[in-house]
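Heads up: the structure comes next, in structure tokens.
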Number of protein chains: 2
Amino acid sequence: MTAVRRFNRTVTQRIGALDDAYLSRSRPLGQARLLWEIGVDGSEVRSLRSRLDLDSGYLSRLLQLLQNDGLVRIEANDVDARVRRARLTTAGLAERAELDRLSDELACSILEPLTEEQRSRLAGAMADVERLLIASMVRVEVSDPRDPDARHCLRAYFAELAKRFDSGFDPTRSIPAADDQLTPPAGVFLVATLHGDPVGCGALKLHTDSTADVKRMWVASSVRGLGLGRRLLGELEDQAHANGIHTLRLETNRGLTEAIGLYRTAGYREVEAFNDEPYAHHWFEKTLGSNE
Amino acid sequence: MTAVRRFNRTVTQRIGALDDAYLSRSRPLGQARLLWEIGVDGSEVRSLRSRLDLDSGYLSRLLQLLQNDGLVRIEANDVDARVRRARLTTAGLAERAELDRLSDELACSILEPLTEEQRSRLAGAMADVERLLIASMVRVEVSDPRDPDARHCLRAYFAELAKRFDSGFDPTRSIPAADDQLTPPAGVFLVATLHGDPVGCGALKLHTDSTADVKRMWVASSVRGLGLGRRLLGELEDQAHANGIHTLRLETNRGLTEAIGLYRTAGYREVEAFNDEPYAHHWFEKTLGSNE
DNA sequence: TTCGTTCTCTGACTAAAGTCAGAGAATGAA
DNA sequence: TTCATTCTCTGACTTTAGTCAGAGAACGAA
């Protein structure tokens, strides 16, 4: 905790201040950030609004300023004429490249006084901090399996299974878990999001005998290695416990090696097949402690 | 380099934004920062001005705002009536404690989604990043040994010797290195500063036979372990090389174990005593390569 | 076709941050 | 004692950031 606070102070001083100083040399910070965020391929205005969390009127005016300086072009969307897309002009791209250059210069000014060994240590520690901060930015929330984010996860989950099972995957042959069965009070569906984008899910199918099945565990490849699977599983266990469940069960395919490892280290023990899921090779069970 | 840039983006997003949001809940960021910076023991106004890099008029007004809210008291300095000192009132201290609390809350909100193991990894990586960023904030510059910062270093250096030598230290018995001998063209004096405060020094006494003595190597205890000694030594070698020096010599006391280790790993080899410095137990020499 | 919704833009603001010139008192060196 | 310098403060600004209400076009579902 103290480490976090000390870190915050040092880093905002060193990076924050300098970053701002560098980036805002030629134009106000808000405009510079916007210019950067539009990116090489352009962005839809509404996406800029949500990413930078700006008031729509304010954003509109900022874009006008950039337009007046000849850095940005606003074009209408072909499909939906309400949606606008901001694109950088040649001059805008040049200015963005300049921002990149300044940002590089800042990075250099930080690395320059350090020895080779210190630089590589710093790079490693920065990567660690970054990964863990990203992990802590992931939000896990109960959701309806019919919500768009949940749907996205389920599609990705099935696509993943089809790719990783030796035999491919046909949902109709598998034991079903319909939306209703994953919606309270019959079940629970969790969705993990990062910056508002869905990056993982997990579900419970509750039974009347104080047992429940863990289903639909999926983590997007972009956030693997951040411990999100373990976190989802833990939150499912909390949900199960809150619903009076004593025993969790799940089955899995031999192709999903990380998942199998996760279940084992999370206290699940392998048991005899308790159902006839055709795609399963391993069946696991965990008794929830009363202290959880 | 890429690691640094990616890190900057993630961290300013996560920490910077949240930090600001938390701190500025009750009052504008500028005031909150000032309140925090004044500190428990108060600060002189001019030091606040330089630390926060504020316009004097602006700072004056900010202080007035805090004064009107009864959080700050401005008192004159006894010695110099031009200088003012800002002190927190009881209410001010309470508000500062509240800022601390919010800062803690922020730290918690970052740690909360992580497992115990991830938390300790994050703490370790943050400490590393912080140490290395601090190391990179240290500035090393050629200075006159008569400058106040240099004088401060020299006093600290002699005090350190007196404490660490078995026999104590009496400068008059030691081989002298007068200010003139450490000032161009006769010599070089380097001072290292962090946030404007002197934290280390090192000097060269140049001879006419292409040799030079390394003298006055000192690093403040607050910044030990950041590689500053090595950096100072390296910069002295660069200075020596630029002055046409081929061989560097130095002597040191057996009590200064880290220094001895530094010299050895920096390529200095122990040689026979080349002078009769009464406090020395080890004599070292290094031939500067032409590629440096 | 209607009607609620989405998306962007305009007008009319406010608050915060920051700049610049200069005044006035205190100080220290000549 | 004079005079340049240091330190703080005041007045008069500008710029940046951000908010809020509402208008108007486009869209999608009924």
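Labels for the structure tokens follow display order: chains A, B, ..., residues from 1 in each chain, ligands from 1.
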
Listing only residues of chain B within 9 Å of chain D, what is the closest atom pair and its distance in Å (to one decimal) for each, using only C-alpha atoms (C1' of nucleotides), sorted by chain and residue number ascending, as JSON lines?
{"residue": "B:Val45", "atom": "CA", "partner": "D:DT8", "partner_atom": "C1'", "distance": 8.7}
{"residue": "B:Arg46", "atom": "CA", "partner": "D:DC7", "partner_atom": "C1'", "distance": 7.8}
{"residue": "B:Ser56", "atom": "CA", "partner": "D:DT8", "partner_atom": "C1'", "distance": 7.6}
{"residue": "B:Gly57", "atom": "CA", "partner": "D:DC9", "partner_atom": "C1'", "distance": 6.9}
{"residue": "B:Ser60", "atom": "CA", "partner": "D:DC9", "partner_atom": "C1'", "distance": 6.8}
{"residue": "B:Arg61", "atom": "CA", "partner": "D:DC9", "partner_atom": "C1'", "distance": 8.7}
{"residue": "B:Arg82", "atom": "CA", "partner": "D:DC7", "partner_atom": "C1'", "distance": 5.3}
{"residue": "B:Val83", "atom": "CA", "partner": "D:DC7", "partner_atom": "C1'", "distance": 6.1}
{"residue": "B:Arg84", "atom": "CA", "partner": "D:DT8", "partner_atom": "C1'", "distance": 7.9}

**Q.** Residues of chain B within 9 Å of chain C, counting only C-alpha atoms (C1' of nucleotides), as a list in words
**A.**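 Selected residues: Pro28, Leu29, Gly30, Leu54, Asp55, Tyr58, Asp80, Ala81 and Arg82 of chain B.
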
Q: Going by DSSP on the backbone, which bits of stretch 15-205 of chain A are strand (DSSP E or B)? Write them as a PyMOL selection string, please.
A: chain A and resi 43-44+72-76+84-88+139-142+187-194+197-205

Q: Considering only C-alpha atoms, extract the chain B residues located within 9 Å of chain A and return them as a PyMOL selection string.
A: chain B and resi 1-8+10-12+14-16+19+103-104+106-115+118-119+121-130+132-139+227+231

Those residues you just picked out, can you put them in a file as a short mmCIF file (atom, residue, chain, number, x, y, z; two decimals), in the first residue's frame with N, CA and C atoms?
data_model
loop_
_atom_site.label_atom_id
_atom_site.label_comp_id
_atom_site.auth_asym_id
_atom_site.auth_seq_id
_atom_site.Cartn_x
_atom_site.Cartn_y
_atom_site.Cartn_z
N MET B 1 12.70 1.11 -24.55
CA MET B 1 12.11 2.37 -25.03
C MET B 1 10.61 2.22 -25.26
N THR B 2 10.25 1.20 -26.03
CA THR B 2 8.82 0.94 -26.22
C THR B 2 8.18 0.64 -24.88
N ALA B 3 8.91 -0.11 -24.05
CA ALA B 3 8.38 -0.43 -22.72
C ALA B 3 8.09 0.84 -21.95
N VAL B 4 9.01 1.79 -22.04
CA VAL B 4 8.81 3.06 -21.32
C VAL B 4 7.56 3.77 -21.82
N ARG B 5 7.42 3.80 -23.14
CA ARG B 5 6.27 4.54 -23.68
C ARG B 5 4.95 3.88 -23.33
N ARG B 6 4.90 2.56 -23.48
CA ARG B 6 3.66 1.85 -23.14
C ARG B 6 3.33 2.07 -21.67
N PHE B 7 4.37 1.97 -20.85
CA PHE B 7 4.22 2.17 -19.42
C PHE B 7 3.63 3.56 -19.14
N ASN B 8 4.20 4.56 -19.78
CA ASN B 8 3.72 5.92 -19.57
C ASN B 8 2.23 6.02 -19.84
N THR B 10 -0.16 3.65 -19.95
CA THR B 10 -1.00 2.91 -19.00
C THR B 10 -1.03 3.61 -17.65
N VAL B 11 0.15 3.99 -17.19
CA VAL B 11 0.22 4.53 -15.84
C VAL B 11 -0.45 5.88 -15.73
N THR B 12 -0.25 6.75 -16.72
CA THR B 12 -0.89 8.05 -16.58
C THR B 12 -2.40 7.88 -16.65
N ARG B 14 -4.12 5.17 -15.61
CA ARG B 14 -4.62 4.52 -14.42
C ARG B 14 -4.37 5.34 -13.16
N ILE B 15 -3.15 5.76 -12.97
CA ILE B 15 -2.80 6.47 -11.74
C ILE B 15 -3.14 7.94 -11.86
N GLY B 16 -2.59 8.55 -12.90
CA GLY B 16 -2.76 9.99 -13.05
C GLY B 16 -4.21 10.39 -12.95
N ASP B 19 -5.81 9.49 -9.58
CA ASP B 19 -5.22 10.30 -8.53
C ASP B 19 -5.86 11.68 -8.52
N SER B 103 -5.97 9.04 -0.92
CA SER B 103 -4.86 8.45 -1.64
C SER B 103 -4.73 6.97 -1.28
N ASP B 104 -4.95 6.67 -0.01
CA ASP B 104 -4.95 5.28 0.43
C ASP B 104 -6.06 4.50 -0.24
N LEU B 106 -7.41 5.07 -3.05
CA LEU B 106 -7.01 4.81 -4.43
C LEU B 106 -6.09 3.60 -4.49
N ALA B 107 -5.10 3.60 -3.61
CA ALA B 107 -4.16 2.47 -3.58
C ALA B 107 -4.91 1.16 -3.37
N CYS B 108 -5.87 1.20 -2.46
CA CYS B 108 -6.66 -0.01 -2.20
C CYS B 108 -7.43 -0.44 -3.43
N SER B 109 -8.03 0.53 -4.11
CA SER B 109 -8.85 0.18 -5.27
C SER B 109 -8.00 -0.46 -6.36
N ILE B 110 -6.73 -0.14 -6.36
CA ILE B 110 -5.84 -0.79 -7.33
C ILE B 110 -5.51 -2.21 -6.87
N LEU B 111 -5.27 -2.36 -5.58
CA LEU B 111 -4.84 -3.68 -5.08
C LEU B 111 -5.99 -4.66 -4.96
N GLU B 112 -7.17 -4.13 -4.71
CA GLU B 112 -8.30 -4.98 -4.36
C GLU B 112 -8.56 -6.13 -5.35
N PRO B 113 -8.54 -5.88 -6.67
CA PRO B 113 -8.87 -6.99 -7.56
C PRO B 113 -7.75 -8.03 -7.69
N LEU B 114 -6.61 -7.80 -7.05
CA LEU B 114 -5.48 -8.70 -7.26
C LEU B 114 -5.37 -9.75 -6.16
N THR B 115 -4.74 -10.86 -6.50
CA THR B 115 -4.47 -11.87 -5.49
C THR B 115 -3.29 -11.42 -4.65
N GLN B 118 -0.10 -11.52 -6.58
CA GLN B 118 0.01 -10.42 -7.54
C GLN B 118 0.31 -9.11 -6.82
N ARG B 119 -0.30 -8.92 -5.65
CA ARG B 119 -0.04 -7.68 -4.91
C ARG B 119 1.43 -7.54 -4.55
N ARG B 121 3.95 -8.94 -5.98
CA ARG B 121 4.73 -8.71 -7.20
C ARG B 121 4.62 -7.26 -7.63
N LEU B 122 3.41 -6.73 -7.58
CA LEU B 122 3.20 -5.34 -7.97
C LEU B 122 4.01 -4.40 -7.08
N ALA B 123 3.96 -4.65 -5.78
CA ALA B 123 4.70 -3.79 -4.86
C ALA B 123 6.19 -3.83 -5.19
N GLY B 124 6.71 -5.02 -5.45
CA GLY B 124 8.12 -5.15 -5.78
C GLY B 124 8.47 -4.42 -7.06
N ALA B 125 7.66 -4.61 -8.08
CA ALA B 125 7.94 -3.98 -9.37
C ALA B 125 7.82 -2.46 -9.26
N MET B 126 6.84 -1.99 -8.48
CA MET B 126 6.68 -0.55 -8.31
C MET B 126 7.91 0.04 -7.60
N ALA B 127 8.38 -0.67 -6.59
CA ALA B 127 9.55 -0.17 -5.87
C ALA B 127 10.74 -0.09 -6.82
N ASP B 128 10.89 -1.11 -7.67
CA ASP B 128 11.98 -1.10 -8.64
C ASP B 128 11.87 0.09 -9.58
N VAL B 129 10.69 0.25 -10.15
CA VAL B 129 10.50 1.36 -11.09
C VAL B 129 10.81 2.68 -10.41
N GLU B 130 10.32 2.80 -9.19
CA GLU B 130 10.51 4.06 -8.49
C GLU B 130 11.99 4.34 -8.25
N LEU B 132 14.53 3.26 -9.86
CA LEU B 132 15.25 3.55 -11.09
C LEU B 132 14.85 4.90 -11.66
N LEU B 133 13.59 5.27 -11.50
CA LEU B 133 13.20 6.61 -11.96
C LEU B 133 13.91 7.67 -11.15
N ILE B 134 14.02 7.43 -9.85
CA ILE B 134 14.73 8.39 -9.02
C ILE B 134 16.18 8.48 -9.47
N ALA B 135 16.77 7.30 -9.71
CA ALA B 135 18.16 7.30 -10.20
C ALA B 135 18.28 8.13 -11.46
N SER B 136 17.28 8.05 -12.32
CA SER B 136 17.39 8.77 -13.59
C SER B 136 17.08 10.26 -13.42
N MET B 137 16.57 10.63 -12.25
CA MET B 137 16.30 12.05 -12.02
C MET B 137 17.52 12.78 -11.46
N VAL B 138 18.51 12.01 -11.04
CA VAL B 138 19.71 12.65 -10.49
C VAL B 138 20.48 13.31 -11.62
N ARG B 139 20.84 14.55 -11.43
CA ARG B 139 21.62 15.28 -12.44
C ARG B 139 23.06 15.40 -11.95
N GLY B 227 23.27 3.31 -7.94
CA GLY B 227 24.32 3.31 -8.95
C GLY B 227 24.91 4.68 -9.19
N ARG B 231 28.11 6.03 -11.58
CA ARG B 231 27.87 7.05 -12.60
C ARG B 231 28.84 8.22 -12.43
#

With a distance cut-off of 6 Å and only C-alpha atoms (C1' of nucleotides), select the neighbouring residues of stretch 252-262 of chain B, excluding the residue or stretch itself and same-chain residues fewer than 3 positions from it, and output the selection as a PDB file with N, CA and C atoms, in the first residue's frame.
ATOM      1  N   PHE B 165      36.255   6.102   9.453  1.00  0.00           N
ATOM      2  CA  PHE B 165      37.647   5.669   9.620  1.00  0.00           C
ATOM      3  C   PHE B 165      37.835   5.218  11.068  1.00  0.00           C
ATOM      4  N   THR B 265      35.263  -3.296  -9.525  1.00  0.00           N
ATOM      5  CA  THR B 265      34.396  -3.692 -10.641  1.00  0.00           C
ATOM      6  C   THR B 265      34.432  -2.682 -11.776  1.00  0.00           C
ATOM      7  N   ALA B 266      34.912  -1.465 -11.492  1.00  0.00           N
ATOM      8  CA  ALA B 266      34.976  -0.462 -12.561  1.00  0.00           C
ATOM      9  C   ALA B 266      36.303  -0.554 -13.311  1.00  0.00           C
ATOM     10  N   ALA B 280      45.169   6.149   3.986  1.00  0.00           N
ATOM     11  CA  ALA B 280      44.888   5.179   2.919  1.00  0.00           C
ATOM     12  C   ALA B 280      45.423   3.794   3.262  1.00  0.00           C
ATOM     13  N   HIS B 281      44.659   2.772   2.850  1.00  0.00           N
ATOM     14  CA  HIS B 281      45.121   1.396   2.954  1.00  0.00           C
ATOM     15  C   HIS B 281      45.225   0.736   1.594  1.00  0.00           C
ATOM     16  N   HIS B 282      44.527   1.295   0.600  1.00  0.00           N
ATOM     17  CA  HIS B 282      44.526   0.707  -0.737  1.00  0.00           C
ATOM     18  C   HIS B 282      44.793   1.798  -1.758  1.00  0.00           C
TER      19      HIS B 282
END

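Comparing A:Asp149, A:Glu277, A:Ile74, A:Asp166 by their smallest distance to A:Leu194, the closest is A:Asp149 (using only C-alpha atoms).
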
Q | Contacts of A:Ala97 within 12 Å, only C-alpha atoms (C1' of nucleotides), excl. fewer than 4 positions in-chain, as a list of chain:residue names | A |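 Final neighbour list, sorted by chain and number: A:Leu23, A:Ala32, A:Leu35, A:Trp36, A:Gly39, A:Val40, A:Leu88, A:Thr90, A:Ala91, A:Gly92, A:Leu93, A:Arg101, A:Leu102, A:Ser103, A:Asp104.
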
Next, write the just-selected residues to a file, as a PDB file, in the first residue's frame, keeping N, CA and C atoms as the atom set.
ATOM      1  N   LEU A  23       4.273  16.834 -24.534  1.00  0.00           N
ATOM      2  CA  LEU A  23       3.188  16.739 -25.505  1.00  0.00           C
ATOM      3  C   LEU A  23       2.540  18.078 -25.785  1.00  0.00           C
ATOM      4  N   ALA A  32      -3.810  17.839 -28.120  1.00  0.00           N
ATOM      5  CA  ALA A  32      -2.735  16.886 -28.423  1.00  0.00           C
ATOM      6  C   ALA A  32      -3.201  15.459 -28.154  1.00  0.00           C
ATOM      7  N   LEU A  35      -5.638  14.408 -30.827  1.00  0.00           N
ATOM      8  CA  LEU A  35      -4.918  14.144 -32.071  1.00  0.00           C
ATOM      9  C   LEU A  35      -4.296  12.764 -32.016  1.00  0.00           C
ATOM     10  N   TRP A  36      -3.693  12.456 -30.900  1.00  0.00           N
ATOM     11  CA  TRP A  36      -3.018  11.169 -30.745  1.00  0.00           C
ATOM     12  C   TRP A  36      -4.026  10.034 -30.779  1.00  0.00           C
ATOM     13  N   GLY A  39      -5.571   8.603 -34.062  1.00  0.00           N
ATOM     14  CA  GLY A  39      -4.758   7.526 -34.608  1.00  0.00           C
ATOM     15  C   GLY A  39      -4.593   7.594 -36.117  1.00  0.00           C
ATOM     16  N   VAL A  40      -3.742   6.720 -36.603  1.00  0.00           N
ATOM     17  CA  VAL A  40      -3.386   6.723 -38.015  1.00  0.00           C
ATOM     18  C   VAL A  40      -4.580   6.351 -38.889  1.00  0.00           C
ATOM     19  N   LEU A  88      -7.060  11.872 -39.727  1.00  0.00           N
ATOM     20  CA  LEU A  88      -5.972  12.840 -39.776  1.00  0.00           C
ATOM     21  C   LEU A  88      -5.619  13.145 -41.225  1.00  0.00           C
ATOM     22  N   THR A  90      -2.729  14.832 -43.943  1.00  0.00           N
ATOM     23  CA  THR A  90      -1.269  14.650 -44.012  1.00  0.00           C
ATOM     24  C   THR A  90      -0.591  15.479 -42.924  1.00  0.00           C
ATOM     25  N   ALA A  91      -1.058  16.742 -42.803  1.00  0.00           N
ATOM     26  CA  ALA A  91      -0.478  17.604 -41.772  1.00  0.00           C
ATOM     27  C   ALA A  91      -0.740  17.021 -40.386  1.00  0.00           C
ATOM     28  N   GLY A  92      -1.942  16.460 -40.196  1.00  0.00           N
ATOM     29  CA  GLY A  92      -2.278  15.881 -38.902  1.00  0.00           C
ATOM     30  C   GLY A  92      -1.381  14.701 -38.586  1.00  0.00           C
ATOM     31  N   LEU A  93      -1.140  13.872 -39.600  1.00  0.00           N
ATOM     32  CA  LEU A  93      -0.261  12.716 -39.392  1.00  0.00           C
ATOM     33  C   LEU A  93       1.145  13.175 -39.023  1.00  0.00           C
ATOM     34  N   ARG A 101       7.609  11.521 -31.620  1.00  0.00           N
ATOM     35  CA  ARG A 101       9.024  11.824 -31.475  1.00  0.00           C
ATOM     36  C   ARG A 101       9.308  12.413 -30.096  1.00  0.00           C
ATOM     37  N   LEU A 102       8.455  13.344 -29.668  1.00  0.00           N
ATOM     38  CA  LEU A 102       8.644  13.951 -28.357  1.00  0.00           C
ATOM     39  C   LEU A 102       8.521  12.904 -27.256  1.00  0.00           C
ATOM     40  N   SER A 103       7.580  11.986 -27.471  1.00  0.00           N
ATOM     41  CA  SER A 103       7.373  10.945 -26.481  1.00  0.00           C
ATOM     42  C   SER A 103       8.611  10.040 -26.407  1.00  0.00           C
ATOM     43  N   ASP A 104       9.185   9.769 -27.564  1.00  0.00           N
ATOM     44  CA  ASP A 104      10.432   8.994 -27.606  1.00  0.00           C
ATOM     45  C   ASP A 104      11.548   9.727 -26.883  1.00  0.00           C
TER      46      ASP A 104
END
